[in-house]
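In what follows, a single structure is set out as structure tokens and then discussed.
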Amino acid sequence: MQTDAKENKTDLTKKDFVSDQTVRWCPGCGDYMILAIMQKAFARMDHAKEEHLSVSGIGCSSRITYYLDTYGVHSIHGRAIAVATGAKLANPGLNVWVFTGDGDCMAIGGNHFIHACRRNADLNIIIFNNKIYGMTKGQSSPTTPVGLKTKTAPEGSHENPFNIGEVAIGSGATFFARVPDNNPKLLEDIMMQAYHHKGTSVIEVLQNCVIFTDGIHEQITGRDTKDDNQLVLEHGKPMIFGKDQNYGIKLNGMRLEKSALKNGTDASLVHDEGEKDPAMHLALTRMQLPGHPVAMGVIRKVEAQNYSEKVHEAIAFERETSTFKGVNDLFRSGNTWEIG
Amino acid sequence: MQTDAKENKTDLTKKDFVSDQTVRWCPGCGDYMILAIMQKAFARMDHAKEEHLSVSGIGCSSRITYYLDTYGVHSIHGRAIAVATGAKLANPGLNVWVFTGDGDCMAIGGNHFIHACRRNADLNIIIFNNKIYGMTKGQSSPTTPVGLKTKTAPEGSHENPFNIGEVAIGSGATFFARVPDNNPKLLEDIMMQAYHHKGTSVIEVLQNCVIFTDGIHEQITGRDTKDDNQLVLEHGKPMIFGKDQNYGIKLNGMRLEKSALKNGTDASLVHDEGEKDPAMHLALTRMQLPGHPVAMGVIRKVEAQNYSEKVHEAIAFERETSTFKGVNDLFRSGNTWEIG
Amino acid sequence: MAKNILAPEMRKVVVRFSGDSGDGMQLTGDMFSQSSGFAGNDLTTIPDFPAEIRAPQGTIGGVSSFQIQIGGTEIYTPGDSVDVLVVMNPAALAANLALLKPGGTIIADKDAFTPKNLKKAEYESNPLEDGTLEEFHVIQAPATSLTKEALKDLGLEMQAMTRSKNMFALGVVLYMFSRPLQNTIDFIEKKFYKKPVLVEANKRAIEAGVSFAESTEVFGRSIVIPPAKLPKGTYRNIDGNTAIAWGLLAAAENCGKNLSLSSYPITPASEILHELSARKDMGAIVFQAEDEIAAICAAIGAAFSGNLSATTTSGPGASLKSEAIGLAVIAELPLVIVNVQRAGPSTGLPTKTEQSDLNQALYGRHGDAPVVVIAASSPDDCFYYSYEAAKIAIEHVTPVILLSDTYLASGTSPWRLPENGDLKDIQVPKFKGDPGKWEPFLRQPEFLNRYWMSPGDKGFEHRNGGLEKKEITGNLTYEPLNHQKMTKIREEKIDRIASRLPELTVSGAQSGKLLVVGWGSTHGAINTAVRELLEDGEEDVGFVQFNYINPLPVNTADILGGFEQILVCELNNGQFVHYLRSKFPEFKYRQFNKIQGQPFFTSEIKAEIINTLSR
Amino acid sequence: MAKNILAPEMRKVVVRFSGDSGDGMQLTGDMFSQSSGFAGNDLTTIPDFPAEIRAPQGTIGGVSSFQIQIGGTEIYTPGDSVDVLVVMNPAALAANLALLKPGGTIIADKDAFTPKNLKKAEYESNPLEDGTLEEFHVIQAPATSLTKEALKDLGLEMQAMTRSKNMFALGVVLYMFSRPLQNTIDFIEKKFYKKPVLVEANKRAIEAGVSFAESTEVFGRSIVIPPAKLPKGTYRNIDGNTAIAWGLLAAAENCGKNLSLSSYPITPASEILHELSARKDMGAIVFQAEDEIAAICAAIGAAFSGNLSATTTSGPGASLKSEAIGLAVIAELPLVIVNVQRAGPSTGLPTKTEQSDLNQALYGRHGDAPVVVIAASSPDDCFYYSYEAAKIAIEHVTPVILLSDTYLASGTSPWRLPENGDLKDIQVPKFKGDPGKWEPFLRQPEFLNRYWMSPGDKGFEHRNGGLEKKEITGNLTYEPLNHQKMTKIREEKIDRIASRLPELTVSGAQSGKLLVVGWGSTHGAINTAVRELLEDGEEDVGFVQFNYINPLPVNTADILGGFEQILVCELNNGQFVHYLRSKFPEFKYRQFNKIQGQPFFTSEIKAEIINTLSR
Ligand SMILES: Cc1ncc(C[n+]2csc(CCOP(=O)(O)OP(=O)(O)O)c2C)c(N)n1
Ligand SMILES: Cc1ncc(C[n+]2csc(CCOP(=O)(O)OP(=O)(O)O)c2C)c(N)n1
Ligand code: SF4
Ligand code: SF4
Ligand SMILES: [Mg+2]
Ligand SMILES: [Mg+2]
């Protein structure tokens with residue numbers, strides 16, 4: 001899927017997607033990387049500049065809309081996906097991206113999220129998962145781990161968190177990818193794959209909030225630990241990881257197990273992103289430390305009925321086959337009478 | 001789990017749970033059965049009459065609250081679970097039951113549903129799944145199958161439906177059961193199991209709407225087809241089904257397959273409702289016709305942190321360890337000064 | 001027996017068809033409406049059916065009725081009380097008798113007055129025989145048996161045969177009003193064209209009814225209602241919800257935009273969603289959202305994307321949309337929000353009518369967030385106001401709330417189809433020049449509206465959202481004075497629309513003792529009441545109905561100021577009068593409020609006017 | 001240099017501490033407030049910090065300030081303009097200079113006026129040296145270097161040392177106002193008891209500041225502010241959000257109920273949720289819901305279940321709660337809904353203050369759905385009105401909306417702790433008799449409230465919900481007249497509460513030319529303005545502040561009627577004046593509206609009053 005940056009139909013560059021607004025995140029926030037890579041990726045896509053649409057909710061993450069020089073809607077808390085769905089249906093030619101936080105998407109926006117996964121309209125959704133409400137200064141979010149102290153859980157959170165991938169796939173998502181905010185190459189690649197995927201693409205970015213959850217992903221994303229703690233998936237490739245590429249993943253019953261590789265790569269499962277049955281993809285999204293590496297990359301990418309496409313096909317069909325040329329025909333159909 | 005009807009602590013009978021309101025469902029509606037069995041089950045539970053609480057949203061199904069002689073809230077469309085969560089937290093001694101429809105719970109109520117599954121407070125949720133909006137006269141719901149003609153999908157639905165069990169388990173549900181509205185024995189048994197389960201219990205009832213989706217579950221629930229098309233699960237028992245008990249379920253990779261049993265039951269998987277890893281339970285909820293039987297009974301029942309319990313434990317702990325006896329101590333703690 | 005109030009020639013007649021929910025009364029009524037339209041009558045209809053999907057058969061709770069007023073004069077309401085009552089069973093009689101005028105006519109299917117049915121209707125003895133109906137004219141028609149007889153050789157099942165008895169009843173009524181059968185037969189042929197046996201069965205049943213009426217000479221002579229003097233044109237009968245759907249389609253076509261509708265089902269607004277779901281042939285893009293919040297947010301997405309965008313709902317849904325309406329206000333996006341009001345608060349009385357969401361439409365958002373509020377006043381003018389709502393939304397780049405209600409949604413009235421040029425053009429405010437000269441919150445000077453630039457418009461990429469914006473540029477800013485300025489501009493932008501609205505016209509006295517004021521759907525009842533008083537010689541009463549609520553028409557104060565007292569009639573606890581008081585505290589208001597889930601009766605309004613005059 | 005406006009003894013002084021977001025200005029201000037409280041002064045404080053979580057260091061955007069007015073008289077506002085400005089860097093000076101009175105004093109950390117910092121603050125040359133500050137009294141304190149010096153042998157890192165320079169500044173100011181150090185030291189010891197080295201560092205920094213001020217004799221003599229004549233009692237400083245949280249705790253304790261709070265975080269209401277989340281020691285059951293709708297619905301569940309139940313939010317959340325508030329209205333459940341208003345519409349200016357959700361509180365629901373609306377008017381009386389809201393909700397079994405705002409939420413004022421018997425008891429309306437004699441909608445005759453029976457109450461099992469109910473029994477019914485009756489009862493029930501509310505009291509003239517009216521959080525500014533005018537000899541002006549909005553106090557009309565004109569001042573586009581006009585159209589209103597996300601300045605109100613008088 002990796003294509004050369006200038007093989008696409010436009011001659012736009014990253015600069016074309018940098019707006020004139022001052023970026024106002026905390027120094028060191030993981031959001032900066034997502035912004036930069038998104039601008040790069042937009043330049044690589046085939047849509048003309050005026051055909052990109054960014055939609056976000058409310059939160060630190062959602063501010064990204066102002067920094068992207070595209071058409072954009074900074075909507076209301078939790079509702080970005082709903083706004084985006086309406087926009088995509090209204091104009092199926094648009095390249096629609098949703099930027100949202102773990103609170104915005106999984107707390108108040110949860111309903112729109114699961115329905116977007118189910119309907120599979122052609123939206124691309126990036127979730128900035130810092131496991132906290134950043135903008136409102138540090139309350140628990142639905143991805144906050146049990147025991148973490150927050151402003152609303154002063155003695156540690158009592159709530160079981162969501163695993164975003166499981167919720168997404170359980171709701172029907174056809175594309176799910178996960179990526180840390182410090183792997184720009186993978187991030188860009190995933191963005192491009194999401195762009196080309198027909199249907200709802202969900203991208204979870206493990207994003208660091210330097211103020212409220214600094215280091216929360218450190219074990220997974222840290223320089224020294226990342227190779228041992230991440231399994232970066234590639235379609236058709238064996239699931240191998242570890243600093244020395246010396247671990248693989250095996251199936252035991254219906255469970256995935258980490259296994260030390262002795263002789264070659266043959267002992268490990270091979271990743272098939274296109275497998276329709278979601279059992280393996282769900283198992284991959286569930287892997288967690290300790291005991292398992294955390295799966296990164298495109299975990300699931302399958303084809304399924306795409307809502308926006310279907311609706312417009314149905315409209316095209318009905319328009320073609322109808323005898324009504326316009327409203328006057330409609331109004332005059334059925335039982336009318338004349339006076340005068 | 002089947003206990004004798006009068007082994008519990010109360011001397012209530014079904015009649016005690018019949019309210020004085022006339023039941024106003026269409027003749028033949030599947031809702032009648034759920035009502036009758038619920039009244040029976042309430043009488044078997046250990047709670048005193050004034051400790052049961054029924055909460056519902058809006059829809060034909062949600063009317064059940066008026067017919068149950070318990071404390072009850074007929075709330076607003078989609079919000080029954082939220083109301084119930086507040087009630088359970090407020091008074092953890094209550095036996096709280098939520099009655100909701102596929103529209104009420106999975107459309108407008110979707111967010112509350114996934115969060116209830118995640119939090120695992122001690123709620124019992126019965127979803128009357130008739131795959132349509134009954135009360136508002138026949139629009140698509142999020143469980144309406146693709147292609148079904150409805151008032152809002154005159155040429156057939158274009159939306160991928162939810163599989164309720166997958167959404168529930170993907171969101172963290174610790175108890176999920178499925179049952180057709182014409183199997184009172186199983187329904188009652190499941191209600192009792194849900195009652196005893198600590199945490200959120202989700203029960204999907206395949207309910208027939210005689211007006212708008214009459215016969216939609218017929219293939220699964222019909223007299224002649226039900227034995228071949230349902231796999232009724234029992235914990236610790238092999239997964240065997242078919243009129244002649246001649247089919248079983250096998251694992252192939254991560255997928256479940258229907259297999260003809262030749263010699264004895266040994267060839268079939270054994271159901272373990274308590275397996276924490278949800279892979280098998282998810283696979284069971286996903287089985288569908290043709291090709292697979294539809295799984296019935298308690299598919300998942302596992303223990304996990306229970307939100308309502310945890311909160312009250314924390315409160316009890318803080319109360320005990322605090323030096324504040326009342327608000328006056330709180331007000332006078334910290335920096336105060338005297339005047340006069 | 002009392003004097004028969006039916007005369008050979010009548011200006012107005014009210015007919016009510018009533019039977020069990022399964023008896024097809026709505027179709028019967030609908031067909032009689034069609035035939036009355038063809039005959040050149042003006043008319044208004046209203047259905048009345050049980051809240052339950054399927055109420056117990058044969059009981060009073062299960063009765064379904066359809067009322068129509070037809071006339072050789074203009075007709076504005078379905079009528080307070082009934083001249084001709086058709087009842088298909090005892091329950092229908094029990095449920096409706098109180099509505100019948102003394103001397104009115106009852107046409108009863110006498111075959112249905114069996115002991116079992118009488119019991120279900122809670123009759124101890126047969127009212128057709130025990131003198132109960134003395135003051136009425138009763139026609140006992142053996143509808144069931146004669147229908148069966150007429151259909152016997154068609155090979156239909158018994159149930160299908162008896163189900164046709166409603167057509168028998170229709171036949172009797174068609175004869176009664178001297179109606180030619182042809183267009184009714186045409187209607188049947190169209191409706192059942194896939195099932196020829198049903199066409200035949202229905203035809204025969206109608207004819208059997210006509211023959212019965214003719215041969216038994218029960219009516220003496222049949223009745224003639226002369227055609228009304230309606231403007232020339234092509235007409236059809238339309239209900240308020242269809243009219244709203246079609247108004248939006250017409251607006252989209254006029255301005256060359258696609259129509260996006262994003263809604264969630266709710267009584268009594270669902271039929272707009274149903275109709276447009278079936279209008280893919282007109283290119284309507286319809287989204288049944290997961291809830292009302294998703295619906296309006298999707299509508300905002302569609303509006304930003306450049307479509308004519310609407311969302312439709314009723315009270316509970318309108319409450320859920322509050323937050324997002326605020327976004328549309330501050331983002332200044334064109335959006336039509338239709339609230340087909342039902343009786344509240346909360347779930348309230350979901351199948352009943354009320355006008356109690358006015359306060360919410362005006363004030364139901366946090367912050368200072370003014371929107372345009374319009375109310376339709378008859379099923380057919382729902383088309384016009386829906387078109388208007390779209391026109392204002394687009395031309396002024398603003399959200400517009402259109403209020404309808406259960407009464408308009410389910411009632412029908414004849415609608416004169418618009419002809420070329422009847423509809424005012426809709427101008428889309430696009431910035432035509434160099435994008436470099438444009439800014440997201442640059443305004444057109446006359447009406448202060450922004451331009452509506454959307455994805456696809458090259459060079460106009462911009463961000464919009466819910467935070468306060470710098471004047472002109474739209475950049476985010478916390479500047480104190482800018483917020484004050486923008487708040488005032490948002491208000492002024494709405495206020496200036498007044499100059500484009502039609503002025504109010506008063507009927508009756510142009511000034512004097514009493515001005516009767518209504519708004520929205522109560523037009524029919526109030527207008528009829530005032531007309532009747534004028535005809536009775538009352539000279540001191542004027543009447544004005546408001547369709548534009550915010551902003552108010554420019555001559556509002558002038559008109560209110562011409563009267564000593566103002567009587568504001570509305571179906572709520574006094575919301576519009578409260579609004580008028582706060583806007584024009586200098587006048588003397590009285591209020592008449594009905595909060596019963598029911599429309600006004602003309603007689604109630606008349607009585608209240610007379611009362612007020614004598615105070 | 002201009003005349004120094006500081007005198008040896010002063011009735012009121014306004015001090016503003018300002019520095020970079022990382023400079024600890026809020027803590028410094030807080031400690032100065034404590035010390036002023038101890039000294040017996042009355043005071044009001046307000047913070048002012050950037051909207052961003054972490055704004056760029058050293059820039060004007062990153063400045064964080066804390067303003068306090070202290071006085072030997074009653075103090076109602078943090079002051080319009082500043083007497084003493086403490087600035088820790090050039091950006092702080094640039095951001096705040098305009099607030100300083102001519103002749104005011106600047107205390108500047110001269111070490112921070114480096115070329116780099118000057119550039120970040122957009123200064124071309126050093127204002128401490130270039131004459132910019134001519135009309136002020138400038139004290140150049142080497143705060144950074146002297147602090148470092150004082151702390152050098154503690155083994156702290158450089159950053160930790162320089163971070164203590166705020167305590168140096170505090171020391172200077174404490175000396176300036178002749179404050180004993182002891183209670184400040186106590187405060188430090190309590191706060192940092194886990195880190196003795198920090199206690200030591202902070203103490204030394206303060207002492208360094210004091211020594212600097214003393215030895216350099218920059219002030220000539222230090223200033224004395226005599227204690228204010230405040231009622232006897234124990235005091236603490238409190239902000240509006242904590243006060244609301246504690247008011248609910250006190251109410252729960254008084255009536256012996258558990259407190260349930262169900263909320264979703266939102267600025268500026270979140271701190272109520274935070275405080276109660278930390279109050280498990282008081283038994284508070286706190287639920288952070290998935291959204292605002294879940295929050296209020298859970299609160300309804302808790303209310304039905306018999307707990308004192310509340311939900312807290314700000315404008316956008318209040319909009320989302322509209323539908324469910326309607327349910328609480330028709331179900332007649334006790335529920336406290338707190339809206340800490342921010343500037344709208346939509347996301348608006350989320351960190352700024354405004355009073356623009358009044359209309360929504362009054363009318364923001366579909367149907368006729370009246371609720372009680374109360375507004376607090378100072379940080380400390382937030383406690384009292386929160387207690388009152390709970391008391392009314394429970395005793396009258398009704399939802400109550402309590403309005404606060406950003407200004408009250410973040411400001412502080414001294415709060416006299418209630419002593420035994422200060423708080424009126426809360427009576428829980430339980431039905432005491434035989435359940436057979438009770439019905440779900442049986443009412444107590446005096447105030448028309450239902451009884452509040454809940455799960456656990458044996459024999460009182462019943463259903464409640466959103467559909468209209470039959471009077472008394474609460475059974476579902478579509479009866480037209482019943483709906484009208486119930487609508488009127490719901491209204492009357494709220495209206496009757498008026499008789500239990502304190503009557504309005506007017507300050508200044510009791511009748512005459514002009515009545516100045518405010519509501520909620522504007523009390524301080526308006527009261528101060530009117531007092532100052534009275535002191536100046538103006539005799540024709542009265543002032544009244546409304547805390548009870550619906551119902552209005554019983555003597556409202558009497559009081560309004562005593563004046564020729566009424567000037568309604570509010571921080572929105574005219575919502576309360578609109579409400580008064582509609583209720584009492586007979587009076588002559590003028591309006592003064594500030595819609596800038598900022599509280600009123602006393603001077604603005606004064607000017608407007610003078611203006612109005614001369615019209
Ligand atoms: C209706 C509504 N409720 C609450 C808020 C307050 N609010 C703004 S952002 C936010 C949470 C943001 O968390 P997240 O989505 O995780 O974004 P982050 O700031 O962490 O990137 C909340 C609760 C709001 N703006 N609107
Ligand atoms: C806020 C709101 N939106 C919409 C409605 C209308 N409404 C009532 S019930 C219902 C759907 C019911 O469907 P379901 O939950 O499947 O229940 P069923 O009637 O099929 O048992 C809808 C859309 C409402 N009452 N409130
Ligand atoms: S608070 Fe956290 S998420 Fe928000 S900008 Fe700062 S670092 Fe980023
Ligand atoms: S409409 Fe369907 S679901 Fe509703 S009562 Fe009738 S049969 Fe049952
Ligand atoms: Mg976050
Ligand atoms: Mg359903």
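Scheme for the structure tokens: letters A, B, ... for chains in order shown; per-chain residue numbers from 1; ligand numbers from 1 in order shown.
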
Specify as an MDAnalysis selection string all residues of chain D found within 6 Å of chain B, counting only C-alpha atoms.
-> chainID D and resid 38 232:236 280:281 283 294 297:299 301:302 305 455:456 458 461:465

For C:Glu52, list every protein, DNA or RNA residue within 10 Å, evaluated using only C-alpha atoms, and leave out those in the same chain fewer than 2 positions away; present the list as a PyMOL selection string.
-> (chain B and resi 24-26+60+135) or (chain C and resi 49-50+54-56+61-62+351)

Using only C-alpha atoms and all ligand atoms, find each residue of chain D with at least one atom at most 10 Å away from an atom of ligand 2; report its shortest atom-to-atom pair and that distance in Å (one decimal), sort the rows by chain and rising residue number, and return the result as JSON lines.
```
{"residue": "D:Glu323", "atom": "CA", "partner": "ligand 2", "partner_atom_place_in_ligand_line": "1 (C)", "distance": 7.6}
{"residue": "D:Ala324", "atom": "CA", "partner": "ligand 2", "partner_atom_place_in_ligand_line": "1 (C)", "distance": 9.6}
{"residue": "D:Gly466", "atom": "CA", "partner": "ligand 2", "partner_atom_place_in_ligand_line": "25 (N)", "distance": 9.6}
```

Export of prior selection with N, CA, C and O atoms as a PDB file, in the first residue's frame:
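Once everything was written out, this is part-v4.pdb:
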```
ATOM      1  N   GLU D 323     -34.591  16.914  27.770  1.00  0.00           N
ATOM      2  CA  GLU D 323     -35.660  15.916  27.682  1.00  0.00           C
ATOM      3  C   GLU D 323     -35.917  15.286  29.048  1.00  0.00           C
ATOM      4  O   GLU D 323     -37.056  15.139  29.482  1.00  0.00           O
ATOM      5  N   ALA D 324     -34.848  14.925  29.725  1.00  0.00           N
ATOM      6  CA  ALA D 324     -35.011  14.223  30.996  1.00  0.00           C
ATOM      7  C   ALA D 324     -35.559  15.133  32.091  1.00  0.00           C
ATOM      8  O   ALA D 324     -36.268  14.673  32.997  1.00  0.00           O
ATOM      9  N   GLY D 466     -43.215   8.955  32.147  1.00  0.00           N
ATOM     10  CA  GLY D 466     -43.346  10.177  31.359  1.00  0.00           C
ATOM     11  C   GLY D 466     -44.691  10.407  30.717  1.00  0.00           C
ATOM     12  O   GLY D 466     -44.910  11.450  30.106  1.00  0.00           O
TER      13      GLY D 466
END
```

Q) If you count only C-alpha atoms, which residues fall within 10 Å of stretch 126-129 of chain B, apart from same-chain ones fewer than 4 positions away, as a count of residues only? A) 39

* Could you please tell me, as a PyMOL selection string, which residues of chain B have an atom within 7 Å of chain A when using only C-alpha atoms? => chain B and resi 110-111+118-119+158-162+166-167+170-171+254+279-280+283+307+310-311

Between chain C and chain D, at 8 Å or less, what are the per-residue closest atom pairs and their distances in Å? Count only C-alpha atoms, order by chain and rising residue number, and return it as a Markdown table.
```
| residue | atom | partner | partner_atom | distance |
| --- | --- | --- | --- | --- |
| C:Gly315 | CA | D:His366 | CA | 5.1 |
| C:Pro316 | CA | D:Glu323 | CA | 5.9 |
| C:Gly317 | CA | D:Glu323 | CA | 7.9 |
| C:Ala318 | CA | D:His366 | CA | 7.3 |
| C:Ser319 | CA | D:Glu323 | CA | 5.1 |
| C:Leu320 | CA | D:Leu320 | CA | 5.9 |
| C:Lys321 | CA | D:Leu320 | CA | 7.7 |
| C:Ser322 | CA | D:Ser319 | CA | 5.5 |
| C:Glu323 | CA | D:Ser319 | CA | 5.1 |
| C:Ala324 | CA | D:Ser346 | CA | 7.6 |
| C:Gly326 | CA | D:Ser346 | CA | 4.8 |
| C:Leu327 | CA | D:Ser346 | CA | 5.1 |
| C:Val329 | CA | D:Pro345 | CA | 7.8 |
| C:Ile330 | CA | D:Pro345 | CA | 6.6 |
| C:Ala343 | CA | D:Gly367 | CA | 6.7 |
| C:Gly344 | CA | D:Gly367 | CA | 4.2 |
| C:Pro345 | CA | D:Gly367 | CA | 4.1 |
| C:Ser346 | CA | D:Gly326 | CA | 4.8 |
| C:Thr347 | CA | D:Gly466 | CA | 4.8 |
| C:Gly348 | CA | D:Leu467 | CA | 4.3 |
| C:Leu349 | CA | D:Glu468 | CA | 6.1 |
| C:Gln355 | CA | D:Gly367 | CA | 7.9 |
| C:Ser356 | CA | D:Gly367 | CA | 4.5 |
| C:Asp357 | CA | D:His366 | CA | 4.7 |
| C:Leu358 | CA | D:His366 | CA | 8.0 |
| C:Asn359 | CA | D:Tyr363 | CA | 5.7 |
| C:Gln360 | CA | D:Gly364 | CA | 5.0 |
| C:Tyr363 | CA | D:Asn359 | CA | 5.6 |
| C:Gly364 | CA | D:Gly364 | CA | 3.7 |
| C:Arg365 | CA | D:Gln360 | CA | 5.5 |
| C:His366 | CA | D:Asp357 | CA | 4.7 |
| C:Gly367 | CA | D:Pro345 | CA | 4.0 |
| C:Asp368 | CA | D:Pro345 | CA | 5.7 |
| C:Ala369 | CA | D:Pro345 | CA | 5.8 |
| C:Gly466 | CA | D:Thr347 | CA | 4.8 |
| C:Leu467 | CA | D:Gly348 | CA | 4.3 |
| C:Glu468 | CA | D:Gly348 | CA | 4.8 |
| C:Tyr478 | CA | D:Leu349 | CA | 6.5 |
| C:Glu479 | CA | D:Gln596 | CA | 7.6 |
| C:Pro480 | CA | D:Gln596 | CA | 4.1 |
| C:Leu481 | CA | D:Gln596 | CA | 5.7 |
| C:Asn482 | CA | D:Gln596 | CA | 7.5 |
| C:His483 | CA | D:Gln596 | CA | 5.4 |
| C:Gln484 | CA | D:Ile595 | CA | 4.7 |
| C:Thr487 | CA | D:Ile595 | CA | 7.5 |
| C:Asn572 | CA | D:Asp368 | CA | 7.1 |
| C:Asn573 | CA | D:Asp368 | CA | 6.6 |
| C:His578 | CA | D:Ser582 | CA | 5.5 |
| C:Tyr579 | CA | D:Ser582 | CA | 6.9 |
| C:Leu580 | CA | D:Ser582 | CA | 7.8 |
| C:Arg581 | CA | D:Ser582 | CA | 4.9 |
| C:Ser582 | CA | D:Ser582 | CA | 4.2 |
| C:Lys583 | CA | D:His578 | CA | 7.8 |
| C:Pro585 | CA | D:Pro585 | CA | 4.7 |
| C:Glu586 | CA | D:Pro585 | CA | 7.0 |
| C:Lys594 | CA | D:Gln484 | CA | 7.2 |
| C:Ile595 | CA | D:Gln484 | CA | 4.7 |
| C:Gln596 | CA | D:Pro480 | CA | 4.1 |
| C:Gly597 | CA | D:Pro480 | CA | 6.1 |
| C:Gln598 | CA | D:Pro480 | CA | 7.1 |
```

As JSON, numbers by chain, please: all residues of stretch 100-277 of chain B that backbone DSSP puts in alpha helix (DSSP H). {"B": [102, 103, 110, 111, 112, 113, 114, 115, 116, 117, 118, 119, 164, 165, 166, 167, 168, 169, 170, 184, 185, 186, 187, 188, 189, 190, 191, 192, 193, 194, 195, 196, 218, 219, 220, 221, 226, 227, 228, 229]}

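Non-sequential neighbours of C:Asn96 (distance at most 12 Å, separation of 5 or more positions within a chain, only C-alpha atoms) are C:Val15, C:Arg16, C:Phe17, C:Ser18, C:Gly19, C:Asp48, C:Ile60, C:Gly61, C:Val63, C:Ser64, C:Ser65, C:Phe66, C:Gln67, C:Ser81, C:Val82, C:Asp83, C:Val84, C:Leu85, C:Val86, C:Val87, C:Met88, C:Asn89, C:Pro90, C:Ala91, C:Lys101, C:Ile106, C:Ala121.
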
### Query
When DSSP works through the backbone of this structure, what residues of stretch 240-449 of chain C end up as strand (DSSP E or B), shown as a ChimeraX atom specification?
/C:259-263,285-288,308-313,335-341,343,348-349,372-375,399-405,412-416,441,443

Correct to one decimal, the distance atom CA of D:Gly171-atom CA of D:Asn237 is 20.3 Å

Shell around stretch 434-448 of chain C at 10 Å using only C-alpha atoms, local window under 2 positions removed, as a VMD selection string: chain C and resid 331 to 332 395 to 397 429 431 to 432 450 to 453 457 to 464 469 to 475 489 to 490 492 to 497 499 to 500

One decimal place gives the atom CA of D:Ser603-atom CA of D:Leu99 separation as 12.9 Å

With distances taken over only C-alpha atoms and all ligand atoms, which residue among D:Thr44, D:Ser33, D:Ser270, D:Asn550 lies nearest ligand 1?
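That would be D:Ser270, the residue with the smallest distance to ligand 1.
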
As a check of understanding: the span from atom CA of D:Phe287 to atom CA of D:Ala409 is 20.8 Å

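Minimum atom-to-atom distance to ligand 3, evaluated using only C-alpha atoms and all ligand atoms, belongs to A:Gly215 out of A:Pro238, A:Gly215, A:Gly274, A:Gly199.
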
Could you give me, as a PyMOL selection string, the residues within 10 Å of stretch 208-223 of chain D, counting only C-alpha atoms and dropping anything in the same chain fewer than 4 positions from it?
chain D and resi 6-10+13+105+137-143+146-151+165-179+181+202-204
